[in-house]
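Presented below is the structure to which this report refers.
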Amino acid sequence: MPSYAVIDVDFTGTAGTDTSYALERATTATGPYTLIAVAAPLLAEQAVYTDTTAPFGTPLYYRATGDQTGSVTTYTAGPLDQAGQVWLRDPLRPWADLALDFCDAAQSGHVPGCAQPSPELVWVGLGDETWRADSGLFDVLNAERPADVWARRKHADTSLTFFTRSLDAIDRVYDLFTAGGPLLLQLPPEYGVRDRFVQPGDVTMSRISRDQRRPERRWEVPVTVVDRPLGPAQGTACATWCALPDAYPTYGDLPAGRTFADLAAGEVLCPDGEPLNPILDTFTRTVAGGWGTADTGQPWTVREGPAADFSVTGSAGVHTHPTSNVFHTTTVPWAGPDTSMRVQFLLPAMPAGDYAYVFAVAQYADPTHMYMARVRIDPAGPVTLTLRKRDGVETQLGSFFDTGHTYVAGTPYTIRFARFGTTVAGKVWPTAAPEPAGWQITSTDAALTGPSAAGVRTLAGTALTNVPYVFRFDNLVVT
């Protein structure tokens, strides 16, 4: 069986035209799904995606969502065969990946239990694992005990040990580690260690034979477990490279004064420029009095509501409403002219006496200027969706959509909301269920333009009685 999953992405059978897509992966048909690619380019609504981080030994389910139309296509692959090997993978340079074998006596590297010259790469094992404390003790004047300042513990530091047994294998180790970035470590299931991304430290090579002309080497690599890396953007955030020849067939057709430097910077099809990287946030930090900084480095800003009502718990971003009828809003800066966002929300308790409202917000300039996908949760459970605009006054865009879902307290739901050009679109569904194939509501509006911010907004209805009322958010993506 193959070591990588190859997906033939095809949107030619769906309504509308997509030029880029987001791809998610799961190991069951119902999820949960993990985002593995954003703003991936399409050519004539088709692409081939090689999943270089797919897990071994399990069926694989893929869900591709068109960024422009919201259309969803699904695919299956796997299971992939690990062949009992340890894999070290560079997600962006799969040609450099290493598969390491086992020997009966790996510490020697060339004893009878490990026949010469094969295997060339021999796995020895993991070092002790350390979960570093993120804390400090500070003496306090005229106090017996120090002040204890602490945060979420780091997970985890360990080390990798392996042997190479040929000169060619030494070159292959160099190829893998020379780029310097994080690697994916995949161990056989007997280790009880899930696939993990690790950032290698200093690589140490030891010559283990007294006769140093022999090729055997012992390698020690300290590593730290890190989050999944995000690959470089293909094209730009507001246009893929395949759109360039459609607009400007030759260099001579470029607008006057534009150069190849402008092209590379994404400022030809997007004259105002835009961020090349998406915003991602999994809310694994702990923050009080705000939301701190997203995983990808953008600062969250409290726009509406007292700062004390906002926190991050290590698993979610939280809006707490001590009273009813007060908007609470948190946003991150987003400079792109278009916005496509996805976020999960959860209500720990059902609203009593009035509705609870959850908003995905784009083009946010101030409390009276923004686009919104508004999800309304009835005390009896029905979930409805509307698209709305605030441009001095609030206006509903398009129709009112009854999702047919009945909310149950503690159930995660996902909102997708997009604004491309003059098109505004949204949908909402239970996170554990398949994503709806198309947008539930679309409308057009051109009133609000220019870079601004994206984020989430909440409201406890005027007559809501079970305050303080809490909204929880997770897994936000903005592209």
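Please note that chains go A, B, ... in the order of the structure tokens, that every chain numbers its residues from 1, and that ligands are numbered from 1 in the order shown.
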
With only C-alpha atoms counted and 10 Å as the cut-off, give the residues of stretch 339-448 of chain A in contact with stretch 18-41 of chain A, each with its shortest interatomic distance in Å and the pair that gives it, as a Markdown table.
```
| residue | atom | partner | partner_atom | distance |
| --- | --- | --- | --- | --- |
| A:Ser340 | CA | A:Ala39 | CA | 9.8 |
| A:Thr431 | CA | A:Pro32 | CA | 7.6 |
| A:Ala432 | CA | A:Thr30 | CA | 6.1 |
| A:Ala433 | CA | A:Thr30 | CA | 6.0 |
| A:Pro434 | CA | A:Thr30 | CA | 6.4 |
| A:Glu435 | CA | A:Thr30 | CA | 9.7 |
```

Using only C-alpha atoms, I'd like a table of the residues in stretch 338-408 of chain A that come within 12 Å of stretch 453-465 of chain A; for each, show the closest atom pair and its distance in Å rounded to one decimal, ordered by chain and ascending number, as JSON lines.
```
{"residue": "A:Asp338", "atom": "CA", "partner": "A:Ala454", "partner_atom": "CA", "distance": 10.6}
{"residue": "A:Thr339", "atom": "CA", "partner": "A:Ala454", "partner_atom": "CA", "distance": 7.9}
{"residue": "A:Ser340", "atom": "CA", "partner": "A:Ala454", "partner_atom": "CA", "distance": 9.4}
{"residue": "A:Met341", "atom": "CA", "partner": "A:Ala454", "partner_atom": "CA", "distance": 8.2}
{"residue": "A:Arg342", "atom": "CA", "partner": "A:Gly455", "partner_atom": "CA", "distance": 9.9}
{"residue": "A:Val343", "atom": "CA", "partner": "A:Val456", "partner_atom": "CA", "distance": 8.5}
{"residue": "A:Gln344", "atom": "CA", "partner": "A:Val456", "partner_atom": "CA", "distance": 10.3}
{"residue": "A:Phe345", "atom": "CA", "partner": "A:Val456", "partner_atom": "CA", "distance": 9.7}
{"residue": "A:Leu346", "atom": "CA", "partner": "A:Thr458", "partner_atom": "CA", "distance": 11.7}
{"residue": "A:Leu347", "atom": "CA", "partner": "A:Thr458", "partner_atom": "CA", "distance": 11.1}
{"residue": "A:Ala349", "atom": "CA", "partner": "A:Thr465", "partner_atom": "CA", "distance": 11.9}
{"residue": "A:Met350", "atom": "CA", "partner": "A:Leu464", "partner_atom": "CA", "distance": 10.3}
{"residue": "A:Pro351", "atom": "CA", "partner": "A:Leu464", "partner_atom": "CA", "distance": 6.6}
{"residue": "A:Ala352", "atom": "CA", "partner": "A:Leu464", "partner_atom": "CA", "distance": 5.5}
{"residue": "A:Gly353", "atom": "CA", "partner": "A:Leu464", "partner_atom": "CA", "distance": 4.7}
{"residue": "A:Asp354", "atom": "CA", "partner": "A:Leu464", "partner_atom": "CA", "distance": 4.5}
{"residue": "A:Tyr355", "atom": "CA", "partner": "A:Gly461", "partner_atom": "CA", "distance": 5.2}
{"residue": "A:Ala356", "atom": "CA", "partner": "A:Ala460", "partner_atom": "CA", "distance": 5.0}
{"residue": "A:Tyr357", "atom": "CA", "partner": "A:Leu459", "partner_atom": "CA", "distance": 5.1}
{"residue": "A:Val358", "atom": "CA", "partner": "A:Thr458", "partner_atom": "CA", "distance": 4.8}
{"residue": "A:Phe359", "atom": "CA", "partner": "A:Arg457", "partner_atom": "CA", "distance": 4.8}
{"residue": "A:Ala360", "atom": "CA", "partner": "A:Val456", "partner_atom": "CA", "distance": 4.8}
{"residue": "A:Val361", "atom": "CA", "partner": "A:Gly455", "partner_atom": "CA", "distance": 5.1}
{"residue": "A:Ala362", "atom": "CA", "partner": "A:Ala454", "partner_atom": "CA", "distance": 4.5}
{"residue": "A:Gln363", "atom": "CA", "partner": "A:Ala453", "partner_atom": "CA", "distance": 5.5}
{"residue": "A:Tyr364", "atom": "CA", "partner": "A:Ala453", "partner_atom": "CA", "distance": 4.9}
{"residue": "A:Ala365", "atom": "CA", "partner": "A:Ala453", "partner_atom": "CA", "distance": 6.7}
{"residue": "A:Asp366", "atom": "CA", "partner": "A:Ala453", "partner_atom": "CA", "distance": 9.3}
{"residue": "A:Pro367", "atom": "CA", "partner": "A:Arg457", "partner_atom": "CA", "distance": 10.2}
{"residue": "A:His369", "atom": "CA", "partner": "A:Ala453", "partner_atom": "CA", "distance": 10.8}
{"residue": "A:Met370", "atom": "CA", "partner": "A:Ala453", "partner_atom": "CA", "distance": 8.9}
{"residue": "A:Tyr371", "atom": "CA", "partner": "A:Ala454", "partner_atom": "CA", "distance": 9.4}
{"residue": "A:Met372", "atom": "CA", "partner": "A:Arg457", "partner_atom": "CA", "distance": 8.8}
{"residue": "A:Ala373", "atom": "CA", "partner": "A:Val456", "partner_atom": "CA", "distance": 9.6}
{"residue": "A:Arg374", "atom": "CA", "partner": "A:Arg457", "partner_atom": "CA", "distance": 8.9}
{"residue": "A:Val375", "atom": "CA", "partner": "A:Thr458", "partner_atom": "CA", "distance": 9.5}
{"residue": "A:Arg376", "atom": "CA", "partner": "A:Leu459", "partner_atom": "CA", "distance": 9.6}
{"residue": "A:Ile377", "atom": "CA", "partner": "A:Gly461", "partner_atom": "CA", "distance": 10.2}
{"residue": "A:Asp378", "atom": "CA", "partner": "A:Gly461", "partner_atom": "CA", "distance": 10.2}
{"residue": "A:Pro379", "atom": "CA", "partner": "A:Leu464", "partner_atom": "CA", "distance": 9.2}
```

Output file for the selection above: C-alpha atoms, as a short mmCIF file (atom, residue, chain, number, x, y, z; two decimals), in the first residue's frame:
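Saved the output as again.cif:
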```
data_model
loop_
_atom_site.label_atom_id
_atom_site.label_comp_id
_atom_site.auth_asym_id
_atom_site.auth_seq_id
_atom_site.Cartn_x
_atom_site.Cartn_y
_atom_site.Cartn_z
CA ASP A 338 -12.47 39.26 0.94
CA THR A 339 -13.17 37.13 4.00
CA SER A 340 -13.94 33.44 4.45
CA MET A 341 -14.22 32.27 8.05
CA ARG A 342 -15.16 29.19 10.03
CA VAL A 343 -15.66 28.97 13.80
CA GLN A 344 -17.18 26.52 16.28
CA PHE A 345 -19.45 27.64 19.11
CA LEU A 346 -21.00 25.89 22.11
CA LEU A 347 -23.62 26.96 24.65
CA ALA A 349 -26.74 25.91 28.94
CA MET A 350 -29.95 26.53 27.01
CA PRO A 351 -31.19 30.13 27.08
CA ALA A 352 -34.19 30.70 29.36
CA GLY A 353 -36.83 33.36 28.72
CA ASP A 354 -35.34 34.74 25.47
CA TYR A 355 -33.07 33.91 22.54
CA ALA A 356 -29.28 33.54 22.58
CA TYR A 357 -27.50 34.99 19.54
CA VAL A 358 -24.12 34.04 18.02
CA PHE A 359 -22.59 36.08 15.20
CA ALA A 360 -19.68 35.45 12.84
CA VAL A 361 -18.46 38.92 11.88
CA ALA A 362 -16.61 40.18 8.80
CA GLN A 363 -15.65 43.65 7.57
CA TYR A 364 -15.93 44.91 11.15
CA ALA A 365 -15.01 48.61 11.43
CA ASP A 366 -16.96 49.62 14.54
CA PRO A 367 -20.16 48.56 16.37
CA HIS A 369 -20.42 48.92 10.53
CA MET A 370 -20.01 45.19 9.81
CA TYR A 371 -21.40 42.13 8.00
CA MET A 372 -22.75 39.27 10.15
CA ALA A 373 -24.01 35.71 9.95
CA ARG A 374 -26.44 35.62 12.89
CA VAL A 375 -27.39 32.31 14.50
CA ARG A 376 -30.41 32.50 16.80
CA ILE A 377 -30.98 29.74 19.39
CA ASP A 378 -34.53 29.49 20.70
CA PRO A 379 -35.08 28.49 24.37
#
```

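Put simply, atom CA of A:Leu183 is 19.3 Å away from atom CA of A:Asp81.
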
Item checked: Neighbour list for A:Gln199 as number ranges by chain, cut-off 9 Å, only C-alpha atoms, skip fewer than 2 positions in-chain -> A: 180-184, 197, 201, 222-226

Margin query: Neighbouring residues of A:Val332 were defined as those with any atom within 9 Å, considering only C-alpha atoms; residues of the same chain fewer than 6 positions away were excluded. Please report them as JSON, numbers by chain.
Written below: {"A": [279, 293, 294, 298, 299, 300, 301, 452, 453, 454, 455]}

Please dump the current selection as a PDB file, in the first residue's frame; keep N, CA and C atoms.
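For reference, out.pdb as written:
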```pdb
ATOM      1  N   ILE A 279      -5.653  33.252   9.425  1.00  0.00           N
ATOM      2  CA  ILE A 279      -5.703  33.363  10.879  1.00  0.00           C
ATOM      3  C   ILE A 279      -6.232  32.040  11.414  1.00  0.00           C
ATOM      4  N   THR A 293      -3.609  36.484  22.065  1.00  0.00           N
ATOM      5  CA  THR A 293      -3.100  36.452  20.691  1.00  0.00           C
ATOM      6  C   THR A 293      -3.430  35.110  20.041  1.00  0.00           C
ATOM      7  N   ALA A 294      -3.916  35.142  18.797  1.00  0.00           N
ATOM      8  CA  ALA A 294      -4.263  33.927  18.065  1.00  0.00           C
ATOM      9  C   ALA A 294      -3.025  33.066  17.825  1.00  0.00           C
ATOM     10  N   GLN A 298      -1.930  37.001  15.493  1.00  0.00           N
ATOM     11  CA  GLN A 298      -2.725  38.232  15.431  1.00  0.00           C
ATOM     12  C   GLN A 298      -3.358  38.528  16.791  1.00  0.00           C
ATOM     13  N   PRO A 299      -3.350  39.790  17.217  1.00  0.00           N
ATOM     14  CA  PRO A 299      -3.921  40.129  18.531  1.00  0.00           C
ATOM     15  C   PRO A 299      -5.445  40.221  18.479  1.00  0.00           C
ATOM     16  N   TRP A 300      -6.088  39.634  19.465  1.00  0.00           N
ATOM     17  CA  TRP A 300      -7.528  39.807  19.626  1.00  0.00           C
ATOM     18  C   TRP A 300      -7.802  41.138  20.328  1.00  0.00           C
ATOM     19  N   THR A 301      -8.889  41.807  19.917  1.00  0.00           N
ATOM     20  CA  THR A 301      -9.301  43.076  20.520  1.00  0.00           C
ATOM     21  C   THR A 301     -10.741  42.955  21.002  1.00  0.00           C
ATOM     22  N   SER A 452     -10.536  45.592   7.365  1.00  0.00           N
ATOM     23  CA  SER A 452     -11.109  45.899   8.673  1.00  0.00           C
ATOM     24  C   SER A 452     -10.741  44.776   9.634  1.00  0.00           C
ATOM     25  N   ALA A 453     -11.739  44.020  10.134  1.00  0.00           N
ATOM     26  CA  ALA A 453     -11.460  42.962  11.104  1.00  0.00           C
ATOM     27  C   ALA A 453     -12.506  41.872  10.964  1.00  0.00           C
ATOM     28  N   ALA A 454     -12.180  40.697  11.509  1.00  0.00           N
ATOM     29  CA  ALA A 454     -13.106  39.566  11.544  1.00  0.00           C
ATOM     30  C   ALA A 454     -13.167  39.052  12.973  1.00  0.00           C
ATOM     31  N   GLY A 455     -14.257  38.370  13.322  1.00  0.00           N
ATOM     32  CA  GLY A 455     -14.338  37.859  14.676  1.00  0.00           C
ATOM     33  C   GLY A 455     -15.698  37.301  15.008  1.00  0.00           C
TER      34      GLY A 455
END
```

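Each of A:Ile7, A:Ala335, A:Leu141, A:Val198 was compared to A:Arg63 using only C-alpha atoms, and A:Ile7 turns out to be the nearest.
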